[in-house]
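See below for the structure under consideration.
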Amino acid sequence: TNILPMMTGINGTNNFSATICADVPYCFDVFSSDLDLAQNLTVTWDQGIPTGTMNIAVGSRPNGTFCWTPTQADAGGVPHCFTVNVTDDAGSYYGSQVFAYYLIVLNLAVDAGQDQFVNCSGTAVITASATSAFGNVTYQWNNGSLSASQNVGPGTYTVTATNGQCSASDVVQVLPIATPIAAFNATPV
């Protein structure tokens, strides 16, 4: 007669997987439940993502908050998985279930190039290059340009690259060359 306890998917939904971005903190909540109202539940996780954390609240219906900041090295098509076990205290016929959560990490990195020096009225070509295994990359510069490359004068330029889900930014400076100071000595005749 014991009804099995349950865990929700990500943020209380029925979804147990997510696609997330490298270098971006990602957190979600999971909630336990049991139709046997007199029973208390215990929630544990297997630490299947070693650099992630799961904080589990104390109470008769514990909830958990999972947080992880994946790195570029975590990106790829293979999901990162962990499980959560929920168990009731029904006595000799306790109920227990294991729920699996899957996270796929997308990568995106952008490089705006090295800082450059130009004459005060000169221009330089700045070019952004992005690395992404997923999706087409688009660029947006802080001066409104949507091209990967552009010809610019002195200033600070920020580029943001996106691949449909993730975004990354980088900064490049175009600096004026300091004007040399001329010096001479005069000898009276």
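Ordering of the structure tokens sets the chain letters (A, B, ...), residue numbers begin anew at 1 in every chain, and ligands are numbered from 1 in the order given.
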Report as a list of chain:residue names all protein, DNA and RNA residues lying within 12 Å of A:Gln116, evaluated on only C-alpha atoms, omitting residues in the same chain fewer than 2 positions from it.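 Once the adjacent positions are removed, what remains is A:Ala112, A:Gly113, A:Gln114, A:Val118, A:Asn119, A:Gly122, A:Thr123, A:Ala124, A:Val125, A:Ile126, A:Thr127, A:Asn151, A:Val152, A:Gly153, A:Pro154, A:Gly155, A:Thr156, A:Tyr157, A:Val171, A:Val172, A:Gln173, A:Val174, A:Leu175, A:Pro176, A:Ile177.
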Using only C-alpha atoms, find the one residue out of A:Val58, A:Leu106, A:Leu41, A:Ile10 that sits nearest to A:Ala90.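 Nearest to A:Ala90: A:Leu41.
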For atom CA of A:Ala75 and atom CA of A:Ile104, determine how far apart the two atoms are, in Å to one decimal place. 7.3 Å
9 Å contact set for stretch 69-74 of chain A, only C-alpha atoms, chain neighbours under 3 positions out, as a PDB file with N, CA and C atoms, in the first residue's frame:
ATOM      1  N   ILE A  20      23.031  23.740 -21.716  1.00  0.00           N
ATOM      2  CA  ILE A  20      23.548  24.921 -21.027  1.00  0.00           C
ATOM      3  C   ILE A  20      24.843  25.377 -21.686  1.00  0.00           C
ATOM      4  N   CYS A  21      25.345  26.533 -21.276  1.00  0.00           N
ATOM      5  CA  CYS A  21      26.529  27.134 -21.887  1.00  0.00           C
ATOM      6  C   CYS A  21      27.745  27.016 -20.976  1.00  0.00           C
ATOM      7  N   ALA A  22      28.900  26.747 -21.596  1.00  0.00           N
ATOM      8  CA  ALA A  22      30.157  26.706 -20.854  1.00  0.00           C
ATOM      9  C   ALA A  22      30.470  28.089 -20.289  1.00  0.00           C
ATOM     10  N   ASP A  23      31.108  28.110 -19.142  1.00  0.00           N
ATOM     11  CA  ASP A  23      31.555  29.328 -18.457  1.00  0.00           C
ATOM     12  C   ASP A  23      30.418  30.192 -17.928  1.00  0.00           C
ATOM     13  N   VAL A  24      29.195  29.654 -17.889  1.00  0.00           N
ATOM     14  CA  VAL A  24      28.040  30.385 -17.374  1.00  0.00           C
ATOM     15  C   VAL A  24      27.442  29.588 -16.205  1.00  0.00           C
ATOM     16  N   PRO A  25      27.324  30.185 -15.006  1.00  0.00           N
ATOM     17  CA  PRO A  25      26.726  29.454 -13.884  1.00  0.00           C
ATOM     18  C   PRO A  25      25.296  29.022 -14.218  1.00  0.00           C
ATOM     19  N   TYR A  26      24.959  27.788 -13.836  1.00  0.00           N
ATOM     20  CA  TYR A  26      23.621  27.251 -14.093  1.00  0.00           C
ATOM     21  C   TYR A  26      23.124  26.593 -12.809  1.00  0.00           C
ATOM     22  N   CYS A  27      21.944  26.982 -12.357  1.00  0.00           N
ATOM     23  CA  CYS A  27      21.330  26.412 -11.160  1.00  0.00           C
ATOM     24  C   CYS A  27      19.882  26.042 -11.452  1.00  0.00           C
ATOM     25  N   THR A  51      32.152  18.676  -9.952  1.00  0.00           N
ATOM     26  CA  THR A  51      32.351  20.102  -9.685  1.00  0.00           C
ATOM     27  C   THR A  51      31.033  20.830  -9.459  1.00  0.00           C
ATOM     28  N   GLY A  52      29.918  20.114  -9.502  1.00  0.00           N
ATOM     29  CA  GLY A  52      28.613  20.694  -9.188  1.00  0.00           C
ATOM     30  C   GLY A  52      28.319  20.543  -7.705  1.00  0.00           C
ATOM     31  N   HIS A  80      26.382  15.309 -19.356  1.00  0.00           N
ATOM     32  CA  HIS A  80      26.883  15.134 -18.000  1.00  0.00           C
ATOM     33  C   HIS A  80      25.664  14.765 -17.149  1.00  0.00           C
ATOM     34  N   ILE A 104      23.713  18.939 -21.226  1.00  0.00           N
ATOM     35  CA  ILE A 104      24.607  19.024 -22.374  1.00  0.00           C
ATOM     36  C   ILE A 104      25.184  20.431 -22.390  1.00  0.00           C
ATOM     37  N   VAL A 105      26.512  20.524 -22.496  1.00  0.00           N
ATOM     38  CA  VAL A 105      27.207  21.804 -22.419  1.00  0.00           C
ATOM     39  C   VAL A 105      27.632  22.238 -23.823  1.00  0.00           C
ATOM     40  N   LEU A 106      27.214  23.444 -24.211  1.00  0.00           N
ATOM     41  CA  LEU A 106      27.631  24.044 -25.476  1.00  0.00           C
ATOM     42  C   LEU A 106      28.806  24.977 -25.216  1.00  0.00           C
ATOM     43  N   ASN A 107      29.717  25.042 -26.177  1.00  0.00           N
ATOM     44  CA  ASN A 107      30.868  25.934 -26.011  1.00  0.00           C
ATOM     45  C   ASN A 107      30.748  27.123 -26.948  1.00  0.00           C
ATOM     46  N   LEU A 108      31.289  28.229 -26.540  1.00  0.00           N
ATOM     47  CA  LEU A 108      31.430  29.407 -27.379  1.00  0.00           C
ATOM     48  C   LEU A 108      32.488  30.292 -26.745  1.00  0.00           C
ATOM     49  N   ALA A 109      33.525  30.588 -27.519  1.00  0.00           N
ATOM     50  CA  ALA A 109      34.578  31.504 -27.083  1.00  0.00           C
ATOM     51  C   ALA A 109      34.844  32.460 -28.230  1.00  0.00           C
TER      52      ALA A 109
END
Select, from A:Val110, A:Ala38, A:Ala133, A:Cys120, the residue with the minimum atom-to-atom distance to A:Gly77, counting only C-alpha atoms. A:Ala133
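For the residues A:Thr138, A:Ser121, A:Ser60, A:Asn143, ranking by smallest atom-to-atom distance to A:Asn40 using only C-alpha atoms places A:Ser60 first.
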Top pick for closest residue to A:Pro5, considering A:Phe82, A:Trp45, A:Phe117, A:Tyr94 and counting only C-alpha atoms: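 Looking only at the distances to A:Pro5, the closest residue turns out to be A:Tyr94.
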